Amino acid sequence: MGLLDYYKRFEALSDEEVTEELKRQSAERKAKALERVEPVDLSRTTWPGLPHPYVVNSITYAARRGLNRYADPHAAELRAEIAHRHGVETGRVVVGNGAAQLLASAATVLLEPLDELVTAWPSYPLYPQLARRAHGHAVPVPGFGADRLLAAVNDRTRIVAVCNPNDPTGELMSLEELDHLLGSLPERVVVFLDEALVEYADRMPDDGSLGLLARHERLLVFRTLSKAWGLAGLRCGYVIGPDGSQALLEQLEPDLGVDELAQAGALEALRSTGARVARGIETVRVQRERVVEALRDGPVEVQPSQANVLWMRAKGMDGAELARRLELHGVIVQPGGAIGEPGHIRASVHLPQHAERLMHALEQETGAKNPS
Amino acid sequence: MRTDPTDTGGLFISRRPGTRPVRYREVPDRKQGPRRAVDAIVAGGILFFMGLVACCFWGPIPMAWLWVGAQIKYHTDSVSIGIFVAFLGMILTLLAGLALMRRLDQFWILVRRAAGHDQRKGVIGPVFAVAAVVGVTLFTIWLVLIAGLSPSLAPTE
């Protein structure tokens, strides 16, 4: 290196060159940021959006008003709102810390040791746990349908739990089938009709199942604000029973009631956000059909769903493997292996962009067609 | 990048103007010890040479071209040509001198950096200022004390 070369190494970049370099670095950072796509979690059935500001404000107001005192243990105002919404007497409604707590309480109250809880399978994984915790015995019945459940009922059966629409398969038991089931069960058997996802069903009239309460005294209908209402964090659900079930319902109520924040949030949600929830439900219905239609006759088998979930499997591929591959595309789904269905996965359907991501990932990994 | 507060609504964006580190194409291999002393001496030499060049603007270069102009007038017997050549040559030489000064200034910056200084600006301005003061002072002394203010062609008696 010559003398001049040595000194030339101390030449600084000009302002223009520095600006160009900074611009290039900025463009690189921007491109990298745009390249990064956040994973989308389709393994949960909860609504992906944030709660309405009215709900948050209501909770905040309740928190500042006075958390030093106990809330109304019977959630009278919230129960009245729910009862009014469904056209039933307030005494037939009990609010709990989520439908799961009410289901667990009902199982504990009703099940004697060695009593059986019959449920379709695959279904909500909590049902067998409820039976075990209440020292009962869970009887999973493969498939979904009233006759299958009836075939599994015996003298020890105390509860038949029906998740309608069924999570994870999305199947729906029609009102006629439910009526047939209820009418055919022995007098000792109580039906838990878990309608956590019923808002998404478009083949079931609104509150259609509540009409069954007038004819069947051994039916409990469970609803939740955790799914379509998008308030899973509040842990708020309710159960509606037939006339004459008040004594049983009282036993399901949490000992000191539902916390005040949950009451305030749920009340405001029911009063103010119905239209928003309805829009969300409509979106799910449209996207659900879109995905099912796109995957029809392809390498991925998916059955029509009445819930916000799709139960699917890829030909020649394990469910866990498919879930793993989809995760590589930033799409997280629930493998069915945990509930004894290793060939399947469960993917929830909510927003159009989520459905898009799901279809794109399936197309990449299985060759399923993507209409977009 | 706009960092001047007048361009950014009164706010300094990033660093204050002129305070960012010098950016090199590649990080130079900075020598230590004697090499730095040599570089400092070289920088001093360049500065001295720049001073000489700048001083030439205020005396030697104009005088040289006036002499050339006088020679042309003598040979061509044309005052106009002599003046024209003298002024043209003077201007071109001054411009060439400025270009040389500019290059020397840039090189001086590099040598100063090599000598271990965070040198950002050149020294051409101060060199010109000092040379001007020296040149004007010497010219004034020559004009007032040596040559005299009276016309040289006018009768002295």
# chains A, B, ... in the order shown; residues from 1 in each chain; ligands from 1
>>> interface_residues(of="chain B", to="chain A", cutoff="8 Å", atoms="only C-alpha atoms", output="ChimeraX atom specification")
/B:1,22-28,107,110-111,113-114
>>> residues_around(residues="His329 in chain A", least_positions_apart="2", cutoff="12 Å", atoms="only C-alpha atoms", output="VMD selection string")
chain A and resid 36 to 41 322 to 327 331 to 333 356 to 365
>>> write_last_selection(atoms="C-alpha atoms", output="PDB file, in the first residue's frame")
ATOM      1  CA  ARG A  36     -42.237 -10.557   9.609  1.00  0.00           C
ATOM      2  CA  VAL A  37     -45.726 -11.953   9.864  1.00  0.00           C
ATOM      3  CA  GLU A  38     -47.093 -12.500  13.333  1.00  0.00           C
ATOM      4  CA  PRO A  39     -48.325 -16.028  13.913  1.00  0.00           C
ATOM      5  CA  VAL A  40     -52.066 -16.383  14.027  1.00  0.00           C
ATOM      6  CA  ASP A  41     -53.453 -18.580  16.766  1.00  0.00           C
ATOM      7  CA  LEU A 322     -50.007 -31.202   9.846  1.00  0.00           C
ATOM      8  CA  ALA A 323     -50.217 -28.883  12.861  1.00  0.00           C
ATOM      9  CA  ARG A 324     -46.436 -28.684  12.976  1.00  0.00           C
ATOM     10  CA  ARG A 325     -46.226 -27.834   9.291  1.00  0.00           C
ATOM     11  CA  LEU A 326     -48.918 -25.212   9.542  1.00  0.00           C
ATOM     12  CA  GLU A 327     -47.054 -23.648  12.437  1.00  0.00           C
ATOM     13  CA  VAL A 331     -50.722 -20.758  11.684  1.00  0.00           C
ATOM     14  CA  ILE A 332     -51.256 -22.422  15.046  1.00  0.00           C
ATOM     15  CA  VAL A 333     -53.969 -25.056  15.197  1.00  0.00           C
ATOM     16  CA  GLU A 356     -56.795 -16.568   4.298  1.00  0.00           C
ATOM     17  CA  ARG A 357     -53.702 -17.532   6.241  1.00  0.00           C
ATOM     18  CA  LEU A 358     -55.148 -20.950   7.030  1.00  0.00           C
ATOM     19  CA  MET A 359     -56.013 -21.683   3.414  1.00  0.00           C
ATOM     20  CA  HIS A 360     -52.655 -20.449   2.209  1.00  0.00           C
ATOM     21  CA  ALA A 361     -50.807 -22.633   4.712  1.00  0.00           C
ATOM     22  CA  LEU A 362     -52.923 -25.661   3.812  1.00  0.00           C
ATOM     23  CA  GLU A 363     -52.279 -25.010   0.143  1.00  0.00           C
ATOM     24  CA  GLN A 364     -48.550 -24.887   0.750  1.00  0.00           C
ATOM     25  CA  GLU A 365     -48.444 -28.044   2.831  1.00  0.00           C
TER      26      GLU A 365
END
>>> atom_distance(atom1="CA of Leu193 in chain A", atom2="CA of Arg133 in chain A")
19.3 Å
>>> residues_around(residues="Ile72 in chain B", least_positions_apart="6", cutoff="9 Å", atoms="only C-alpha atoms", output="PyMOL selection string")
chain B and resi 78-79+81-83+85-86
>>> residues_around(residues="Tyr238 in chain A", least_positions_apart="5", cutoff="9 Å", atoms="only C-alpha atoms", output="number ranges by chain")
A: 79, 82, 93-99, 102, 221-225
>>> write_last_selection(atoms="C-alpha atoms", output="compact mmCIF listing (two decimals), in the first residue's frame")
# COMPACT_ATOMS: atom_id res chain seq x y z
CA ARG A 79 -79.48 -12.19 35.73
CA ILE A 82 -80.06 -12.29 30.72
CA VAL A 93 -81.08 -18.07 35.39
CA VAL A 94 -77.90 -18.47 37.39
CA VAL A 95 -74.66 -16.71 36.59
CA GLY A 96 -71.34 -18.39 37.24
CA ASN A 97 -67.63 -18.01 36.73
CA GLY A 98 -67.85 -19.22 33.18
CA ALA A 99 -69.96 -22.05 31.85
CA LEU A 102 -71.46 -24.12 36.26
CA VAL A 221 -78.81 -25.03 29.02
CA PHE A 222 -75.35 -23.55 29.51
CA ARG A 223 -74.22 -20.40 27.77
CA THR A 224 -71.07 -18.34 28.00
CA LEU A 225 -69.80 -14.86 27.25
>>> residues_around(residues="Pro122 in chain A", least_positions_apart="4", cutoff="8 Å", atoms="only C-alpha atoms", output="list of chain:residue names")
A:Pro140, A:Pro142, A:Gly143, A:Asp167, A:Pro168, A:Thr169, A:Ile339, A:Gly340, A:Glu341
>>> write_last_selection(atoms="C-alpha atoms", output="PDB file, in the first residue's frame")
ATOM      1  CA  PRO A 140     -67.444 -41.235  25.669  1.00  0.00           C
ATOM      2  CA  PRO A 142     -67.873 -42.267  19.355  1.00  0.00           C
ATOM      3  CA  GLY A 143     -69.734 -40.059  16.919  1.00  0.00           C
ATOM      4  CA  ASP A 167     -66.471 -28.654  19.815  1.00  0.00           C
ATOM      5  CA  PRO A 168     -64.290 -29.700  17.954  1.00  0.00           C
ATOM      6  CA  THR A 169     -66.292 -31.252  15.119  1.00  0.00           C
ATOM      7  CA  ILE A 339     -58.531 -35.974  22.583  1.00  0.00           C
ATOM      8  CA  GLY A 340     -57.785 -39.268  20.937  1.00  0.00           C
ATOM      9  CA  GLU A 341     -58.142 -38.205  17.311  1.00  0.00           C
TER      10      GLU A 341
END
>>> closest_residue(among="A:Gly208, A:Gly336, A:Gly298, A:Gly330", to="His86 in chain A", atoms="only C-alpha atoms")
A:Gly208
>>> residues_around(residues="Ile281 in chain A", least_positions_apart="4", cutoff="7 Å", atoms="only C-alpha atoms", output="list in words")
Glu199, Tyr200, Ala228, Val277 and Arg285 of chain A
>>> atom_distance(atom1="CA of Val130 in chain B", atom2="CA of Trp58 in chain B")
11.2 Å
>>> select_by_dssp(residues="range 51-281 of chain A", states="alpha helix (DSSP H)", output="JSON, numbers by chain")
{"A": [53, 54, 55, 56, 57, 58, 59, 60, 61, 62, 63, 64, 65, 66, 76, 77, 78, 79, 80, 81, 82, 83, 84, 85, 86, 98, 99, 100, 101, 102, 103, 104, 105, 106, 107, 108, 109, 110, 126, 127, 128, 129, 130, 131, 132, 133, 146, 147, 148, 149, 150, 151, 152, 175, 176, 177, 178, 179, 180, 181, 182, 183, 184, 246, 247, 248, 249, 250, 251, 252, 260, 261, 262, 263, 264, 265, 266, 267, 268, 269, 270, 271, 272, 274, 275, 276, 277, 278, 279, 280, 281]}
>>> write_last_selection(atoms="C-alpha atoms", output="tab-separated table (two decimals), in the first residue's frame")
chain	number	residue	atom	x	y	z
A	53	PRO	CA	-64.37	0.11	24.93
A	54	TYR	CA	-67.78	0.40	26.57
A	55	VAL	CA	-67.14	-2.90	28.32
A	56	VAL	CA	-63.68	-1.85	29.41
A	57	ASN	CA	-65.02	1.48	30.65
A	58	SER	CA	-67.76	-0.21	32.57
A	59	ILE	CA	-65.28	-2.53	34.26
A	60	THR	CA	-63.02	0.40	35.05
A	61	TYR	CA	-65.92	2.31	36.54
A	62	ALA	CA	-66.91	-0.67	38.65
A	63	ALA	CA	-63.32	-1.07	39.83
A	64	ARG	CA	-63.08	2.55	40.90
A	65	ARG	CA	-66.53	2.62	42.43
A	66	GLY	CA	-65.63	0.34	45.28
A	76	ALA	CA	-79.44	-9.73	40.26
A	77	GLU	CA	-79.04	-7.06	37.61
A	78	LEU	CA	-77.09	-9.29	35.26
A	79	ARG	CA	-79.48	-12.19	35.73
A	80	ALA	CA	-82.42	-9.91	35.03
A	81	GLU	CA	-80.76	-8.72	31.84
A	82	ILE	CA	-80.06	-12.29	30.72
A	83	ALA	CA	-83.56	-13.41	31.62
A	84	HIS	CA	-85.06	-10.50	29.73
A	85	ARG	CA	-82.86	-11.26	26.74
A	86	HIS	CA	-84.03	-14.88	26.60
A	98	GLY	CA	-67.85	-19.22	33.18
A	99	ALA	CA	-69.96	-22.05	31.85
A	100	ALA	CA	-67.22	-24.46	32.90
A	101	GLN	CA	-67.71	-23.65	36.57
A	102	LEU	CA	-71.46	-24.12	36.26
A	103	LEU	CA	-70.98	-27.42	34.44
A	104	ALA	CA	-68.56	-28.58	37.12
A	105	SER	CA	-70.93	-27.54	39.91
A	106	ALA	CA	-73.84	-29.28	38.22
A	107	ALA	CA	-71.83	-32.47	37.79
A	108	THR	CA	-70.74	-32.35	41.43
A	109	VAL	CA	-74.28	-31.84	42.63
A	110	LEU	CA	-75.82	-34.51	40.43
A	126	LEU	CA	-63.83	-30.92	30.13
A	127	TYR	CA	-66.76	-33.37	30.30
A	128	PRO	CA	-64.73	-36.46	31.25
A	129	GLN	CA	-62.86	-34.36	33.80
A	130	LEU	CA	-66.13	-33.21	35.33
A	131	ALA	CA	-67.19	-36.79	35.79
A	132	ARG	CA	-63.90	-37.84	37.34
A	133	ARG	CA	-63.80	-34.90	39.74
A	146	ALA	CA	-79.01	-38.68	19.72
A	147	ASP	CA	-79.37	-42.38	18.92
A	148	ARG	CA	-75.70	-43.07	19.63
A	149	LEU	CA	-76.01	-41.36	22.99
A	150	LEU	CA	-79.23	-43.18	23.80
A	151	ALA	CA	-77.57	-46.48	23.03
A	152	ALA	CA	-74.94	-45.77	25.67
A	175	LEU	CA	-83.98	-29.32	17.82
A	176	GLU	CA	-85.93	-32.35	16.67
A	177	GLU	CA	-83.04	-34.65	17.53
A	178	LEU	CA	-82.60	-32.98	20.89
A	179	ASP	CA	-86.31	-33.32	21.51
A	180	HIS	CA	-86.07	-36.99	20.62
A	181	LEU	CA	-83.08	-37.44	22.93
A	182	LEU	CA	-84.76	-35.71	25.84
A	183	GLY	CA	-87.98	-37.57	25.32
A	184	SER	CA	-86.25	-40.93	25.20
A	246	GLN	CA	-84.67	-23.22	40.93
A	247	ALA	CA	-83.52	-25.34	43.85
A	248	LEU	CA	-80.94	-27.09	41.69
A	249	LEU	CA	-79.85	-23.85	40.09
A	250	GLU	CA	-79.23	-22.26	43.49
A	251	GLN	CA	-76.70	-24.98	44.19
A	252	LEU	CA	-74.81	-24.18	41.02
A	260	GLU	CA	-68.15	-7.37	40.47
A	261	LEU	CA	-65.93	-6.60	37.49
A	262	ALA	CA	-67.25	-9.57	35.60
A	263	GLN	CA	-70.80	-8.58	36.40
A	264	ALA	CA	-70.22	-5.02	35.25
A	265	GLY	CA	-68.48	-6.07	32.03
A	266	ALA	CA	-71.02	-8.73	31.16
A	267	LEU	CA	-73.92	-6.42	31.83
A	268	GLU	CA	-72.49	-3.69	29.62
A	269	ALA	CA	-71.66	-6.20	26.89
A	270	LEU	CA	-75.20	-7.53	26.81
A	271	ARG	CA	-76.66	-4.03	26.77
A	272	SER	CA	-74.34	-2.28	24.34
A	274	GLY	CA	-75.04	-6.90	20.62
A	275	ALA	CA	-74.71	-5.42	17.14
A	276	ARG	CA	-70.94	-5.79	17.18
A	277	VAL	CA	-71.20	-9.41	18.28
A	278	ALA	CA	-73.76	-10.07	15.56
A	279	ARG	CA	-71.34	-8.72	12.96
A	280	GLY	CA	-68.62	-10.99	14.30
A	281	ILE	CA	-70.92	-13.99	14.16
>>> select_by_dssp(residues="range 242-316 of chain A", states="strand (DSSP E or B)", output="JSON, numbers by chain")
{"A": [300, 301, 302, 309, 310, 311, 312, 313, 314]}
>>> residues_around(residues="Ala99 in chain B", least_positions_apart="6", cutoff="12 Å", atoms="only C-alpha atoms", output="list in words")
Met50, Val53, Ala54, Leu92, Thr93, Asp105, Gln106 and Ile124 of chain B
>>> closest_residue(among="B:Tyr74, B:Phe57, B:Trp108, B:Phe87", to="Gly135 in chain B", atoms="only C-alpha atoms")
B:Phe57
